[in-house]
>>> print(open('final_34.cif').read())   # mmCIF, C-alpha atoms
data_upload
loop_
_atom_site.group_PDB
_atom_site.id
_atom_site.type_symbol
_atom_site.label_atom_id
_atom_site.label_comp_id
_atom_site.auth_asym_id
_atom_site.auth_seq_id
_atom_site.Cartn_x
_atom_site.Cartn_y
_atom_site.Cartn_z
ATOM 1 C CA MET Z 28 -7.690 36.149 31.111
ATOM 2 C CA THR Z 29 -7.661 35.592 27.333
ATOM 3 C CA ALA Z 30 -8.951 39.135 26.787
ATOM 4 C CA ASN Z 31 -6.077 40.552 28.867
ATOM 5 C CA ILE Z 32 -3.502 38.552 26.855
ATOM 6 C CA ASP Z 33 -5.053 39.739 23.575
ATOM 7 C CA THR Z 34 -4.963 43.345 24.763
ATOM 8 C CA ALA Z 35 -1.287 43.081 25.754
ATOM 9 C CA MET Z 36 -0.380 41.505 22.434
ATOM 10 C CA ARG Z 37 -2.157 44.274 20.535
ATOM 11 C CA ARG Z 38 -0.219 46.886 22.512
ATOM 12 C CA ARG Z 39 3.082 45.155 21.744
ATOM 13 C CA LEU Z 40 2.209 44.919 18.057
ATOM 14 C CA ARG Z 41 1.251 48.611 17.970
ATOM 15 C CA ARG Z 42 4.556 49.552 19.624
ATOM 16 C CA ARG Z 43 6.480 47.302 17.197
ATOM 17 C CA GLY Z 44 4.587 48.764 14.234
ATOM 18 C CA TRP Z 45 5.383 52.314 15.335
ATOM 19 C CA TRP Z 46 9.062 51.415 15.852
ATOM 20 C CA LEU Z 47 9.297 49.875 12.354
ATOM 21 C CA PHE Z 48 7.549 52.888 10.859
ATOM 22 C CA SER Z 49 9.963 55.267 12.603
ATOM 23 C CA LEU Z 50 12.982 53.236 11.494
ATOM 24 C CA GLY Z 51 11.724 53.169 7.921
ATOM 25 C CA PHE Z 52 11.058 56.902 7.974
ATOM 26 C CA MET Z 53 14.546 57.685 9.291
ATOM 27 C CA LEU Z 54 16.184 55.438 6.702
ATOM 28 C CA GLY Z 55 14.132 57.143 4.014
ATOM 29 C CA VAL Z 56 15.290 60.578 5.137
ATOM 30 C CA ILE Z 57 18.926 59.438 5.299
ATOM 31 C CA SER Z 58 18.643 57.887 1.849
ATOM 32 C CA ALA Z 59 17.118 61.066 0.398
ATOM 33 C CA VAL Z 60 19.884 63.210 1.894
ATOM 34 C CA TRP Z 61 22.510 60.774 0.599
ATOM 35 C CA VAL Z 62 21.128 60.709 -2.925
ATOM 36 C CA THR Z 63 21.036 64.507 -2.948
ATOM 37 C CA SER Z 64 24.686 64.658 -1.919
ATOM 38 C CA LEU Z 65 25.577 62.079 -4.567
ATOM 39 C CA SER Z 66 24.044 64.157 -7.323
ATOM 40 C CA GLN Z 67 25.371 67.550 -6.241
ATOM 41 C CA PRO Z 68 28.547 68.842 -7.893
ATOM 42 C CA ASN Z 69 31.432 70.067 -5.767
ATOM 43 C CA ARG Z 70 31.403 73.712 -6.652
ATOM 44 C CA ASP Z 71 33.947 76.450 -6.306
ATOM 45 C CA ARG Z 72 32.799 79.701 -7.887
ATOM 46 C CA GLY Z 73 36.353 80.977 -8.134
ATOM 47 C CA GLU Z 74 37.763 77.989 -10.049
ATOM 48 C CA THR Z 75 38.027 78.458 -13.799
ATOM 49 C CA ALA Z 76 41.452 76.987 -14.533
ATOM 50 C CA SER Z 77 41.963 73.782 -16.450
ATOM 51 C CA PRO Z 78 43.115 70.987 -14.098
ATOM 52 C CA ILE Z 79 46.225 69.920 -16.062
ATOM 53 C CA SER Z 80 48.769 72.354 -17.486
ATOM 54 C CA LEU Z 81 50.254 72.007 -20.956
ATOM 55 C CA GLU Z 82 53.985 72.273 -21.586
ATOM 56 C CA ALA Z 83 54.207 73.665 -25.100
ATOM 57 C CA GLY Z 84 57.793 74.948 -25.082
ATOM 58 C CA ASN Z 85 59.005 75.782 -28.595
ATOM 59 C CA SER Z 86 56.421 73.577 -30.253
ATOM 60 C CA GLU Z 87 56.024 73.668 -34.001
ATOM 61 C CA VAL Z 88 52.674 75.188 -34.991
ATOM 62 C CA VAL Z 89 51.037 74.295 -38.298
ATOM 63 C CA SER Z 90 47.788 75.481 -39.852
ATOM 64 C CA SER Z 91 45.080 72.876 -40.272
ATOM 65 C CA SER Z 92 41.373 72.583 -40.980
ATOM 66 C CA ILE Z 93 38.230 71.020 -39.579
ATOM 67 C CA ALA Z 94 38.351 68.457 -42.391
ATOM 68 C CA GLU Z 95 41.825 67.362 -41.293
ATOM 69 C CA VAL Z 96 40.768 67.207 -37.641
ATOM 70 C CA LEU Z 97 37.786 65.053 -38.610
ATOM 71 C CA GLN Z 98 40.113 62.701 -40.460
ATOM 72 C CA ILE Z 99 42.448 62.497 -37.450
ATOM 73 C CA ALA Z 100 39.540 61.755 -35.099
ATOM 74 C CA ASP Z 101 38.008 59.219 -37.494
ATOM 75 C CA ASP Z 102 41.345 57.386 -37.844
ATOM 76 C CA ALA Z 103 41.815 57.368 -34.059
ATOM 77 C CA LEU Z 104 38.311 55.994 -33.513
ATOM 78 C CA GLY Z 105 38.832 53.285 -36.126
ATOM 79 C CA GLN Z 106 42.103 52.231 -34.511
ATOM 80 C CA PHE Z 107 40.501 52.264 -31.058
ATOM 81 C CA ARG Z 108 37.658 49.998 -32.207
ATOM 82 C CA LEU Z 109 40.091 47.482 -33.650
ATOM 83 C CA SER Z 110 42.624 47.393 -30.837
ATOM 84 C CA VAL Z 111 41.137 48.382 -27.445
ATOM 85 C CA ASP Z 112 38.871 45.946 -25.591
ATOM 86 C CA ASP Z 113 39.120 47.620 -22.194
ATOM 87 C CA TYR Z 114 41.211 50.107 -20.248
ATOM 88 C CA THR Z 115 41.845 51.700 -16.895
ATOM 89 C CA ALA Z 116 42.789 55.331 -16.339
ATOM 90 C CA THR Z 117 42.617 58.329 -14.055
ATOM 91 C CA LEU Z 118 39.990 60.805 -15.223
ATOM 92 C CA ILE Z 119 40.035 64.442 -14.166
ATOM 93 C CA LYS Z 120 36.712 66.074 -14.968
ATOM 94 C CA GLN Z 121 35.636 69.680 -14.598
ATOM 95 C CA GLU Z 122 32.352 71.103 -15.873
ATOM 96 C CA SER Z 123 30.399 74.325 -15.825
ATOM 97 C CA ILE Z 124 26.807 73.776 -14.693
ATOM 98 C CA ASP Z 125 24.493 76.806 -14.736
ATOM 99 C CA ALA Z 126 27.551 79.073 -15.199
ATOM 100 C CA VAL Z 127 29.227 77.653 -12.070
ATOM 101 C CA VAL Z 128 32.472 75.733 -12.572
ATOM 102 C CA SER Z 129 32.943 72.679 -10.384
ATOM 103 C CA GLU Z 130 36.127 71.718 -8.639
ATOM 104 C CA PRO Z 131 38.219 69.233 -10.641
ATOM 105 C CA ASN Z 132 36.942 65.747 -9.840
ATOM 106 C CA GLU Z 133 39.605 63.033 -10.006
ATOM 107 C CA MET Z 134 38.492 59.433 -10.307
ATOM 108 C CA VAL Z 135 39.872 56.011 -11.126
ATOM 109 C CA ILE Z 136 37.934 54.443 -13.985
ATOM 110 C CA LYS Z 137 37.600 51.011 -15.531
ATOM 111 C CA VAL Z 138 35.880 50.654 -18.896
ATOM 112 C CA GLN Z 139 34.952 47.703 -21.078
ATOM 113 C CA SER Z 140 34.483 48.990 -24.618
ATOM 114 C CA LYS Z 141 31.548 48.329 -26.918
ATOM 115 C CA ASN Z 142 33.975 47.054 -29.559
ATOM 116 C CA ARG Z 143 35.547 44.163 -27.639
ATOM 117 C CA GLY Z 144 37.225 41.650 -29.902
ATOM 118 C CA GLY Z 145 37.561 44.177 -32.713
ATOM 119 C CA ASP Z 146 33.774 44.493 -33.070
ATOM 120 C CA VAL Z 147 33.588 47.611 -35.257
ATOM 121 C CA ASP Z 148 29.778 47.562 -34.997
ATOM 122 C CA GLU Z 149 30.113 48.148 -31.236
ATOM 123 C CA SER Z 150 27.472 45.574 -30.351
ATOM 124 C CA GLN Z 151 29.102 44.672 -27.031
ATOM 125 C CA PRO Z 152 27.646 46.189 -23.838
ATOM 126 C CA MET Z 153 29.627 49.059 -22.380
ATOM 127 C CA ARG Z 154 30.598 48.748 -18.697
ATOM 128 C CA VAL Z 155 31.981 51.420 -16.383
ATOM 129 C CA TYR Z 156 33.369 51.521 -12.839
ATOM 130 C CA LEU Z 157 34.334 54.786 -11.083
ATOM 131 C CA ARG Z 158 36.020 55.476 -7.762
ATOM 132 C CA PHE Z 159 36.405 59.108 -6.751
ATOM 133 C CA VAL Z 160 39.754 60.232 -5.341
ATOM 134 C CA GLN Z 161 39.455 64.030 -5.194
ATOM 135 C CA PRO Z 162 38.173 66.314 -3.816
ATOM 136 C CA LEU Z 163 38.280 64.898 -0.310
ATOM 137 C CA SER Z 164 34.560 65.563 0.184
ATOM 138 C CA VAL Z 165 33.738 62.747 -2.267
ATOM 139 C CA ALA Z 166 36.823 60.534 -1.930
ATOM 140 C CA GLY Z 167 35.660 56.923 -1.721
ATOM 141 C CA ARG Z 168 32.469 57.359 -3.729
ATOM 142 C CA GLU Z 169 32.002 54.419 -6.134
ATOM 143 C CA VAL Z 170 29.755 54.051 -9.155
ATOM 144 C CA ILE Z 171 29.077 51.125 -11.479
ATOM 145 C CA TRP Z 172 27.059 51.294 -14.677
ATOM 146 C CA CYS Z 173 26.666 48.529 -17.257
ATOM 147 C CA GLU Z 174 24.362 48.348 -20.243
ATOM 148 C CA ASP Z 175 23.711 44.643 -19.618
ATOM 149 C CA LEU Z 176 23.998 44.280 -15.825
ATOM 150 C CA HIS Z 177 22.049 45.523 -12.776
ATOM 151 C CA ASP Z 178 18.971 46.155 -14.929
ATOM 152 C CA GLY Z 179 20.821 48.987 -16.631
ATOM 153 C CA LYS Z 180 20.785 50.972 -13.380
ATOM 154 C CA MET Z 181 23.645 53.035 -12.023
ATOM 155 C CA VAL Z 182 24.747 51.405 -8.754
ATOM 156 C CA ALA Z 183 26.386 53.902 -6.409
ATOM 157 C CA HIS Z 184 27.369 54.623 -2.850
ATOM 158 C CA GLU Z 185 28.625 57.791 -1.233
ATOM 159 C CA ALA Z 186 31.845 58.228 0.722
ATOM 160 C CA GLY Z 187 32.169 58.140 4.515
ATOM 161 C CA LEU Z 188 29.230 57.253 6.741
ATOM 162 C CA MET Z 189 26.835 57.546 3.829
ATOM 163 C CA GLY Z 190 28.722 54.653 2.220
ATOM 164 C CA MET Z 191 26.511 52.357 4.289
ATOM 165 C CA LEU Z 192 23.768 52.946 1.719
ATOM 166 C CA THR Z 193 23.853 51.748 -1.887
ATOM 167 C CA VAL Z 194 21.322 53.092 -4.366
ATOM 168 C CA ARG Z 195 20.300 52.160 -7.901
ATOM 169 C CA LEU Z 196 19.433 55.040 -10.197
ATOM 170 C CA ASP Z 197 18.287 55.574 -13.750
ATOM 171 C CA PRO Z 198 21.551 56.819 -15.336
ATOM 172 C CA LYS Z 199 19.635 59.406 -17.348
ATOM 173 C CA GLY Z 200 17.098 60.199 -14.639
ATOM 174 C CA MET Z 201 16.700 63.518 -12.866
ATOM 175 C CA ILE Z 202 18.593 62.485 -9.728
ATOM 176 C CA ALA Z 203 21.573 60.947 -11.526
ATOM 177 C CA MET Z 204 21.802 63.878 -13.948
ATOM 178 C CA ARG Z 205 21.563 66.602 -11.337
ATOM 179 C CA GLY Z 206 24.805 68.553 -11.420
ATOM 180 C CA GLN Z 207 26.114 66.531 -14.375
ATOM 181 C CA LYS Z 208 26.564 67.753 -17.935
ATOM 182 C CA TYR Z 209 26.363 64.301 -19.512
ATOM 183 C CA PRO Z 210 25.118 60.867 -18.390
ATOM 184 C CA ILE Z 211 27.641 58.233 -17.347
ATOM 185 C CA SER Z 212 26.938 56.379 -20.600
ATOM 186 C CA ASP Z 213 28.802 59.193 -22.423
ATOM 187 C CA ILE Z 214 32.039 58.657 -20.528
ATOM 188 C CA GLY Z 215 35.201 57.227 -22.069
ATOM 189 C CA LEU Z 216 37.727 57.615 -24.860
ATOM 190 C CA ALA Z 217 35.565 56.263 -27.681
ATOM 191 C CA ASN Z 218 32.685 58.561 -26.753
ATOM 192 C CA LEU Z 219 35.101 61.500 -26.593
ATOM 193 C CA LEU Z 220 36.206 60.802 -30.161
ATOM 194 C CA LYS Z 221 32.588 60.466 -31.302
ATOM 195 C CA LYS Z 222 31.711 63.845 -29.777
ATOM 196 C CA LEU Z 223 34.708 65.443 -31.483
ATOM 197 C CA ILE Z 224 33.558 64.057 -34.827
ATOM 198 C CA GLU Z 225 29.965 65.118 -34.241
ATOM 199 C CA ARG Z 226 30.931 68.673 -33.292
ATOM 200 C CA GLY Z 227 33.504 68.927 -36.065
ATOM 201 C CA GLN Z 228 30.913 68.036 -38.668
ATOM 202 C CA GLN Z 229 28.791 70.954 -37.468
ATOM 203 C CA ASP Z 230 31.689 73.354 -38.180
ATOM 204 C CA LEU Z 231 32.922 71.730 -41.380
ATOM 205 C CA ASP Z 232 31.844 74.655 -43.570
ATOM 206 C CA ASN Z 233 32.025 77.375 -40.937
ATOM 207 C CA PRO Z 234 34.198 80.262 -42.262
ATOM 208 C CA ASN Z 235 34.545 81.649 -38.726
ATOM 209 C CA VAL Z 236 36.571 78.650 -37.533
ATOM 210 C CA SER Z 237 40.356 78.349 -37.654
ATOM 211 C CA VAL Z 238 42.461 75.345 -36.687
ATOM 212 C CA THR Z 239 46.098 74.954 -35.664
ATOM 213 C CA ILE Z 240 48.115 71.952 -34.487
ATOM 214 C CA LYS Z 241 51.011 72.283 -32.047
ATOM 215 C CA LYS Z 242 53.499 69.433 -32.143
ATOM 216 C CA ASP Z 243 55.314 67.867 -29.175
ATOM 217 C CA VAL Z 244 53.165 69.395 -26.451
ATOM 218 C CA GLU Z 245 53.658 67.535 -23.162
ATOM 219 C CA VAL Z 246 50.727 66.419 -21.030
ATOM 220 C CA ASP Z 247 51.801 64.554 -17.913
ATOM 221 C CA GLY Z 248 55.051 63.606 -19.624
ATOM 222 C CA LEU Z 249 53.409 62.362 -22.845
ATOM 223 C CA LYS Z 250 54.228 63.834 -26.240
ATOM 224 C CA CYS Z 251 50.988 65.025 -27.806
ATOM 225 C CA ASP Z 252 49.612 66.937 -30.736
ATOM 226 C CA LEU Z 253 47.567 69.857 -29.434
ATOM 227 C CA ILE Z 254 44.704 70.629 -31.800
ATOM 228 C CA GLN Z 255 43.219 74.080 -31.214
ATOM 229 C CA VAL Z 256 39.901 75.044 -32.785
ATOM 230 C CA LYS Z 257 39.013 78.725 -32.513
ATOM 231 C CA ARG Z 258 35.837 80.584 -33.443
ATOM 232 C CA SER Z 259 36.030 84.254 -34.357
ATOM 233 C CA LYS Z 260 32.424 84.802 -33.301
ATOM 234 C CA PRO Z 261 29.701 82.818 -31.520
ATOM 235 C CA SER Z 262 27.846 80.238 -33.568
ATOM 236 C CA GLY Z 263 24.623 80.578 -31.599
ATOM 237 C CA GLY Z 264 24.257 76.806 -31.496
ATOM 238 C CA PRO Z 265 24.418 74.325 -28.613
ATOM 239 C CA ASN Z 266 27.826 73.630 -27.042
ATOM 240 C CA ASP Z 267 29.092 76.927 -28.455
ATOM 241 C CA PHE Z 268 32.752 77.564 -27.620
ATOM 242 C CA SER Z 269 35.331 80.204 -28.412
ATOM 243 C CA LEU Z 270 38.242 77.781 -28.090
ATOM 244 C CA ALA Z 271 38.433 73.994 -27.997
ATOM 245 C CA GLU Z 272 41.640 72.065 -27.340
ATOM 246 C CA ILE Z 273 42.211 68.386 -28.066
ATOM 247 C CA CYS Z 274 45.404 66.607 -26.997
ATOM 248 C CA LEU Z 275 46.184 63.435 -28.936
ATOM 249 C CA ASP Z 276 48.751 60.992 -27.560
ATOM 250 C CA ARG Z 277 50.875 60.463 -30.659
ATOM 251 C CA SER Z 278 52.322 57.106 -29.576
ATOM 252 C CA ARG Z 279 48.915 55.421 -29.182
ATOM 253 C CA ASN Z 280 46.658 57.720 -31.186
ATOM 254 C CA LEU Z 281 44.446 58.253 -28.122
ATOM 255 C CA PRO Z 282 42.656 61.487 -27.128
ATOM 256 C CA ILE Z 283 43.818 62.161 -23.594
ATOM 257 C CA ARG Z 284 42.428 65.643 -23.073
ATOM 258 C CA TYR Z 285 39.549 67.801 -24.279
ATOM 259 C CA THR Z 286 38.923 71.323 -22.997
ATOM 260 C CA ALA Z 287 36.407 73.899 -24.221
ATOM 261 C CA TYR Z 288 36.078 77.553 -23.258
ATOM 262 C CA GLY Z 289 33.106 79.882 -23.637
ATOM 263 C CA TRP Z 290 32.998 83.530 -24.592
ATOM 264 C CA PRO Z 291 34.386 86.173 -22.211
ATOM 265 C CA VAL Z 292 32.021 88.895 -21.072
ATOM 266 C CA ASP Z 293 34.721 91.444 -21.894
ATOM 267 C CA ASP Z 294 35.574 91.331 -25.607
ATOM 268 C CA HIS Z 295 39.131 92.414 -24.793
ATOM 269 C CA ALA Z 296 39.739 89.736 -22.179
ATOM 270 C CA ALA Z 297 42.780 87.504 -22.571
ATOM 271 C CA GLU Z 298 42.330 83.867 -23.555
ATOM 272 C CA ASN Z 299 43.066 82.688 -20.032
ATOM 273 C CA LYS Z 300 40.031 84.683 -18.898
ATOM 274 C CA MET Z 301 37.668 82.699 -21.075
ATOM 275 C CA PRO Z 302 35.177 80.835 -18.895
ATOM 276 C CA LEU Z 303 35.767 77.094 -18.770
ATOM 277 C CA LEU Z 304 32.884 75.068 -20.190
ATOM 278 C CA GLU Z 305 34.227 71.555 -19.738
ATOM 279 C CA SER Z 306 37.490 69.693 -19.384
ATOM 280 C CA TYR Z 307 38.240 65.948 -19.452
ATOM 281 C CA THR Z 308 41.781 64.626 -18.999
ATOM 282 C CA TYR Z 309 42.685 60.924 -19.083
ATOM 283 C CA LEU Z 310 45.972 60.020 -17.382
ATOM 284 C CA ASN Z 311 47.755 56.706 -16.680
ATOM 285 C CA ILE Z 312 45.854 54.955 -19.462
ATOM 286 C CA LYS Z 313 46.425 51.187 -19.553
ATOM 287 C CA THR Z 314 44.719 49.321 -22.385
ATOM 288 C CA ASN Z 315 43.648 45.672 -22.704
ATOM 289 C CA VAL Z 316 44.177 44.825 -19.032
ATOM 290 C CA GLY Z 317 41.669 41.943 -19.094
ATOM 291 C CA LEU Z 318 38.720 43.362 -17.146
ATOM 292 C CA THR Z 319 36.035 40.826 -16.200
ATOM 293 C CA GLU Z 320 32.484 40.895 -14.826
ATOM 294 C CA ALA Z 321 33.987 40.957 -11.312
ATOM 295 C CA ASP Z 322 35.288 44.461 -12.047
ATOM 296 C CA PHE Z 323 31.680 45.604 -12.481
ATOM 297 C CA ASP Z 324 30.146 43.625 -9.620
ATOM 298 C CA PRO Z 325 29.185 45.566 -6.450
ATOM 299 C CA ALA Z 326 29.949 42.371 -4.495
ATOM 300 C CA ASN Z 327 33.635 42.594 -5.464
ATOM 301 C CA PRO Z 328 35.514 42.412 -2.111
ATOM 302 C CA GLU Z 329 37.857 45.184 -3.305
ATOM 303 C CA TYR Z 330 34.894 47.586 -3.439
ATOM 304 C CA GLN Z 331 32.953 49.186 -0.598
ATOM 305 C CA PHE Z 332 29.347 48.693 -1.766
ATOM 306 C CA ARG Z 333 26.926 47.481 0.916
#
>>> encode(input="final_34.cif", output="structure tokens")
Amino acid sequence: MTANIDTAMRRRLRRRGWWLFSLGFMLGVISAVWVTSLSQPNRDRGETASPISLEAGNSEVVSSSIAEVLQIADDALGQFRLSVDDYTATLIKQESIDAVVSEPNEMVIKVQSKNRGGDVDESQPMRVYLRFVQPLSVAGREVIWCEDLHDGKMVAHEAGLMGMLTVRLDPKGMIAMRGQKYPISDIGLANLLKKLIERGQQDLDNPNVSVTIKKDVEVDGLKCDLIQVKRSKPSGGPNDFSLAEICLDRSRNLPIRYTAYGWPVDDHAAENKMPLLESYTYLNIKTNVGLTEADFDPANPEYQFR
């Protein structure tokens, strides 16, 4: 009798073990598919236009120089460090990955700066929250990354049914970087200014670079200075561009748009035929809104993390 009971129990345990194994395997497959979809860009091989148009009108155009642009960017960064603790905005991002230009990705962002409290040394941990709005295929995707929270991992969930799964990824790891030009730690207005300064320093003594500034260019209703940096021939270095455009919100001294174009295959192609390399536009910027740790907590009831 005891032997029969033991045999039956072993059979039940084997069946339960197989069921748990199957469930775990299926969840693993679903998770792998989800992570792949999270890291893939939304590509449209025919899309090369910048996502936001510029209204230049009869703007005044003045000659400038890389040295002057560096001074403008350095002043803007210094002011940002002293006056901006956090901000929210709508970011429209478009990048060329392996010569394929993605669809414009629109997302709501929240950022706590590294210079909170006027810390010019930027010793505070940077924190970022993203919620994708467009295209519809990724609408609802959410991402959180903080230097000091969640073990430094990028916490993310996909849109739709895949939103049932939340993953934690190395922000600079292969999966998180797949289909991305830069890691999430490079996002934001301060980092945009730093990149402008870094790239400008590389061209400081380049005789093949010319600079102009157009005044009173409108971007989403804001009066901006449009800084255009043109190269007469390729530099051969990394991040090589034929034309770079920086829009600076004059009222707040904030960079709200950066767009760079590569070199056309046809030397006689018009400027609007230059292949887009990257474009980042920040709209609806609200500074010093009082973001807290709850804004970067996956348990926030306003978010959809599971």
>>> residues_near_point(input="final_34.cif", point="(22.8, 59.4, -18.5)", cutoff="6 Å", atoms="only C-alpha atoms", output="ChimeraX atom specification")
/Z:198-199,210-212
>>> closest_atom_pairs(input="final_34.cif", of="range 184-270 of chain Z", to="range 85-89 of chain Z", cutoff="9 Å", atoms="all atoms listed in the file", output="CSV")
residue,atom,partner,partner_atom,distance
Z:Val238,CA,Z:Val89,CA,8.8
Z:Thr239,CA,Z:Val89,CA,5.6
Z:Ile240,CA,Z:Val89,CA,5.3
Z:Lys241,CA,Z:Val88,CA,4.5
Z:Lys242,CA,Z:Glu87,CA,5.3
Z:Asp243,CA,Z:Ser86,CA,5.9
Z:Val244,CA,Z:Ser86,CA,6.5
>>> atom_distance(input="final_34.cif", atom1="CA of Ala186 in chain Z", atom2="CA of Val127 in chain Z")
23.4 Å
>>> closest_residue(input="final_34.cif", among="Z:Lys137, Z:Ile93, Z:Pro325, Z:Ser110", to="Arg279 in chain Z", atoms="only C-alpha atoms")
Z:Ser110
>>> resolve_selection(input="final_34.cif", expression="the PyMOL selection byres ((chain Z and resi 111) around 12)", output="ChimeraX atom specification")
/Z:103-110,112-115,138-147,149,215-217,279-281,312-318
>>> write_last_selection(input="final_34.cif", atoms="C-alpha atoms", output="PDB file, in the coordinates of the input")
ATOM      1  CA  ALA Z 103      41.815  57.368 -34.059  1.00  0.00           C
ATOM      2  CA  LEU Z 104      38.311  55.994 -33.513  1.00  0.00           C
ATOM      3  CA  GLY Z 105      38.832  53.285 -36.126  1.00  0.00           C
ATOM      4  CA  GLN Z 106      42.103  52.231 -34.511  1.00  0.00           C
ATOM      5  CA  PHE Z 107      40.501  52.264 -31.058  1.00  0.00           C
ATOM      6  CA  ARG Z 108      37.658  49.998 -32.207  1.00  0.00           C
ATOM      7  CA  LEU Z 109      40.091  47.482 -33.650  1.00  0.00           C
ATOM      8  CA  SER Z 110      42.624  47.393 -30.837  1.00  0.00           C
ATOM      9  CA  ASP Z 112      38.871  45.946 -25.591  1.00  0.00           C
ATOM     10  CA  ASP Z 113      39.120  47.620 -22.194  1.00  0.00           C
ATOM     11  CA  TYR Z 114      41.211  50.107 -20.248  1.00  0.00           C
ATOM     12  CA  THR Z 115      41.845  51.700 -16.895  1.00  0.00           C
ATOM     13  CA  VAL Z 138      35.880  50.654 -18.896  1.00  0.00           C
ATOM     14  CA  GLN Z 139      34.952  47.703 -21.078  1.00  0.00           C
ATOM     15  CA  SER Z 140      34.483  48.990 -24.618  1.00  0.00           C
ATOM     16  CA  LYS Z 141      31.548  48.329 -26.918  1.00  0.00           C
ATOM     17  CA  ASN Z 142      33.975  47.054 -29.559  1.00  0.00           C
ATOM     18  CA  ARG Z 143      35.547  44.163 -27.639  1.00  0.00           C
ATOM     19  CA  GLY Z 144      37.225  41.650 -29.902  1.00  0.00           C
ATOM     20  CA  GLY Z 145      37.561  44.177 -32.713  1.00  0.00           C
ATOM     21  CA  ASP Z 146      33.774  44.493 -33.070  1.00  0.00           C
ATOM     22  CA  VAL Z 147      33.588  47.611 -35.257  1.00  0.00           C
ATOM     23  CA  GLU Z 149      30.113  48.148 -31.236  1.00  0.00           C
ATOM     24  CA  GLY Z 215      35.201  57.227 -22.069  1.00  0.00           C
ATOM     25  CA  LEU Z 216      37.727  57.615 -24.860  1.00  0.00           C
ATOM     26  CA  ALA Z 217      35.565  56.263 -27.681  1.00  0.00           C
ATOM     27  CA  ARG Z 279      48.915  55.421 -29.182  1.00  0.00           C
ATOM     28  CA  ASN Z 280      46.658  57.720 -31.186  1.00  0.00           C
ATOM     29  CA  LEU Z 281      44.446  58.253 -28.122  1.00  0.00           C
ATOM     30  CA  ILE Z 312      45.854  54.955 -19.462  1.00  0.00           C
ATOM     31  CA  LYS Z 313      46.425  51.187 -19.553  1.00  0.00           C
ATOM     32  CA  THR Z 314      44.719  49.321 -22.385  1.00  0.00           C
ATOM     33  CA  ASN Z 315      43.648  45.672 -22.704  1.00  0.00           C
ATOM     34  CA  VAL Z 316      44.177  44.825 -19.032  1.00  0.00           C
ATOM     35  CA  GLY Z 317      41.669  41.943 -19.094  1.00  0.00           C
ATOM     36  CA  LEU Z 318      38.720  43.362 -17.146  1.00  0.00           C
TER      37      LEU Z 318
END
>>> resolve_selection(input="final_34.cif", expression="the PyMOL selection byres ((chain Z and resi 251) around 7)", output="ChimeraX atom specification")
/Z:242-246,249-250,252-253,274-277
>>> axis_aligned_box(input="final_34.cif", around="range 88-99 of chain Z", padding_each_side="6 Å", output="lines of an AutoDock Vina configuration file")
center_x = 45.2
center_y = 69.0
center_z = -38.7
size_x = 26.9
size_y = 25.0
size_z = 19.4
>>> resolve_selection(input="final_34.cif", expression="the PyMOL selection byres ((chain Z and resi 173) around 10)", output="VMD selection string")
chain Z and resid 138 to 139 152 to 156 171 to 172 174 to 182 198 211 to 212 320 323 to 324
>>> residues_around(input="final_34.cif", residues="Pro162 in chain Z", least_positions_apart="2", cutoff="8 Å", atoms="only C-alpha atoms", output="MDAnalysis selection string")
chainID Z and resid 69 130:133 159:160 164:166
>>> write_last_selection(input="final_34.cif", atoms="C-alpha atoms", output="short mmCIF file (atom, residue, chain, number, x, y, z; two decimals), keeping the file's coordinate frame")
data_model
loop_
_atom_site.label_atom_id
_atom_site.label_comp_id
_atom_site.auth_asym_id
_atom_site.auth_seq_id
_atom_site.Cartn_x
_atom_site.Cartn_y
_atom_site.Cartn_z
CA ASN Z 69 31.43 70.07 -5.77
CA GLU Z 130 36.13 71.72 -8.64
CA PRO Z 131 38.22 69.23 -10.64
CA ASN Z 132 36.94 65.75 -9.84
CA GLU Z 133 39.60 63.03 -10.01
CA PHE Z 159 36.40 59.11 -6.75
CA VAL Z 160 39.75 60.23 -5.34
CA SER Z 164 34.56 65.56 0.18
CA VAL Z 165 33.74 62.75 -2.27
CA ALA Z 166 36.82 60.53 -1.93
#
